[in-house]
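Working notes, structure below.
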Amino acid sequence: MKDEEKVYNTAVEVTLEVIGGKWKSVILFHLTFGKKRTSELKKLIPTITQKMLTQQLRELEEAGTVLRTSYNVVPPKVEYELTEYGTTLTELLHMMCKWGEVHLHRQYGDQARIVESPSQVI
């Protein structure tokens with residue numbers, strides 16, 4: 001059985017296929033600051049469920065943007081980091097962050113805020 005050709009209307013669709021959705025860009029953004037364990041990502045993204053975090057990390061790993069390293073120790077230790085290919089998204093993710101800050105202030109003024117974390121200093 002031959003695979004059907006994938007057809008996209010724009011390259012934006014291709015990009016969103018990899019980083020789209022509520023959580024993937026957020027996970028990738030946090031990984032632009034270095035390796036993170038699952039528990040660290042969970043603390044940085046407190047509203048994500050453990051199941052969703054695991055699922056999104058697996059999908060990002062399948063896309064070749066995230067590397068999962070499992071250490072054979074007790075208790076088990078797993079770290080995630082951007083692959084060399086994944087690091088090509090860094091500028092885009094940081095630009096999205098900056099645009100979001102501008103939009104938030106433009107749209108909501110003082111009625112909204114972004115919870116800053118030390119790793120988010122750009």
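So you can find residues: chains in the structure tokens are A, B, ... in the order shown, residues in each start at 1, and ligands are numbered from 1 in order.
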Taking 2 positions as the minimum chain separation for residues in the same chain, which residues sit within 12 Å of region 98-103 of chain A when counting only C-alpha atoms? Answer as a list in words. Phe29, Glu91, Leu92, Leu93, His94, Met95, Met96, His105, Arg106, Gln107, Tyr108, Gly109, Asp110, Ala112, Arg113, Ile114, Val115, Glu116, Gln120, Val121 and Ile122 of chain A
Tell me which protein, DNA and RNA residues are within 12 Å of region 25-28 of chain A, counting only C-alpha atoms, leaving out same-chain ones fewer than 4 positions away, and put them as a ChimeraX atom specification. /A:15-21,32-38,40-48,52-61,64-67,80-83,85-97,120
Go ahead and save the residues from that selection, with C-alpha atoms, as a PDB file, in the first residue's frame.
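For reference, selection14.pdb as written:
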```pdb
ATOM      1  CA  THR A  15       5.152  24.194  11.396  1.00  0.00           C
ATOM      2  CA  LEU A  16       1.921  24.024  13.383  1.00  0.00           C
ATOM      3  CA  GLU A  17       1.746  20.284  12.790  1.00  0.00           C
ATOM      4  CA  VAL A  18       4.925  20.020  14.876  1.00  0.00           C
ATOM      5  CA  ILE A  19       4.516  22.808  17.466  1.00  0.00           C
ATOM      6  CA  GLY A  20       0.775  23.463  17.382  1.00  0.00           C
ATOM      7  CA  GLY A  21      -1.681  22.896  20.156  1.00  0.00           C
ATOM      8  CA  THR A  32      15.245  26.451  25.014  1.00  0.00           C
ATOM      9  CA  PHE A  33      16.789  27.250  28.409  1.00  0.00           C
ATOM     10  CA  GLY A  34      18.328  23.797  28.808  1.00  0.00           C
ATOM     11  CA  LYS A  35      17.642  20.236  29.890  1.00  0.00           C
ATOM     12  CA  LYS A  36      14.642  19.634  32.092  1.00  0.00           C
ATOM     13  CA  ARG A  37      13.370  16.648  34.022  1.00  0.00           C
ATOM     14  CA  THR A  38       9.690  15.793  33.789  1.00  0.00           C
ATOM     15  CA  GLU A  40      10.743  20.462  36.357  1.00  0.00           C
ATOM     16  CA  LEU A  41       8.518  20.834  33.308  1.00  0.00           C
ATOM     17  CA  LYS A  42       5.471  20.031  35.440  1.00  0.00           C
ATOM     18  CA  LYS A  43       6.431  22.817  37.874  1.00  0.00           C
ATOM     19  CA  LEU A  44       6.963  25.264  35.010  1.00  0.00           C
ATOM     20  CA  ILE A  45       3.600  24.304  33.464  1.00  0.00           C
ATOM     21  CA  PRO A  46       1.410  23.595  36.514  1.00  0.00           C
ATOM     22  CA  THR A  47      -1.884  23.397  34.603  1.00  0.00           C
ATOM     23  CA  ILE A  48      -0.769  20.547  32.325  1.00  0.00           C
ATOM     24  CA  MET A  52      -0.718  15.278  28.607  1.00  0.00           C
ATOM     25  CA  LEU A  53       2.875  16.262  29.366  1.00  0.00           C
ATOM     26  CA  THR A  54       4.052  12.724  28.648  1.00  0.00           C
ATOM     27  CA  GLN A  55       2.004  12.536  25.447  1.00  0.00           C
ATOM     28  CA  GLN A  56       3.255  15.893  24.152  1.00  0.00           C
ATOM     29  CA  LEU A  57       6.875  15.029  24.952  1.00  0.00           C
ATOM     30  CA  ARG A  58       6.524  11.750  23.044  1.00  0.00           C
ATOM     31  CA  GLU A  59       5.086  13.553  20.016  1.00  0.00           C
ATOM     32  CA  LEU A  60       7.897  16.133  20.104  1.00  0.00           C
ATOM     33  CA  GLU A  61      10.411  13.305  20.355  1.00  0.00           C
ATOM     34  CA  GLY A  64      12.787  14.953  16.109  1.00  0.00           C
ATOM     35  CA  THR A  65      12.701  18.187  18.104  1.00  0.00           C
ATOM     36  CA  VAL A  66      13.192  16.746  21.599  1.00  0.00           C
ATOM     37  CA  LEU A  67      15.680  14.196  22.889  1.00  0.00           C
ATOM     38  CA  TYR A  80      14.493  16.138  28.014  1.00  0.00           C
ATOM     39  CA  GLU A  81      16.349  18.605  25.853  1.00  0.00           C
ATOM     40  CA  LEU A  82      16.093  20.107  22.410  1.00  0.00           C
ATOM     41  CA  THR A  83      17.810  18.212  19.647  1.00  0.00           C
ATOM     42  CA  TYR A  85      17.095  20.258  14.941  1.00  0.00           C
ATOM     43  CA  GLY A  86      14.849  21.417  17.794  1.00  0.00           C
ATOM     44  CA  THR A  87      17.174  24.310  18.596  1.00  0.00           C
ATOM     45  CA  THR A  88      16.328  25.773  15.188  1.00  0.00           C
ATOM     46  CA  LEU A  89      12.949  26.658  16.746  1.00  0.00           C
ATOM     47  CA  THR A  90      14.488  28.798  19.507  1.00  0.00           C
ATOM     48  CA  GLU A  91      14.313  32.140  17.709  1.00  0.00           C
ATOM     49  CA  LEU A  92      10.733  31.472  16.595  1.00  0.00           C
ATOM     50  CA  LEU A  93       9.632  30.501  20.123  1.00  0.00           C
ATOM     51  CA  HIS A  94      11.252  33.562  21.703  1.00  0.00           C
ATOM     52  CA  MET A  95       9.684  35.810  19.062  1.00  0.00           C
ATOM     53  CA  MET A  96       6.293  34.244  19.830  1.00  0.00           C
ATOM     54  CA  CYS A  97       6.863  35.024  23.502  1.00  0.00           C
ATOM     55  CA  GLN A 120      12.061  32.875  30.953  1.00  0.00           C
TER      56      GLN A 120
END
```
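Here CA of Ala63 (chain A) stands at a distance of 11.5 Å from CA of Val14 (chain A).
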DSSP-assigned helix (DSSP H, G or I) members of region 8-114 of chain A, reported as a PyMOL selection string: chain A and resi 11-19+24-31+38-44+50-62+86-111
Expected answer as number ranges by chain: strand (DSSP E or B) residues in chain A: A: 36-37, 66-71, 77-82
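The space between CA of Glu84 (chain A) and CA of Lys51 (chain A) spans 26.0 Å.
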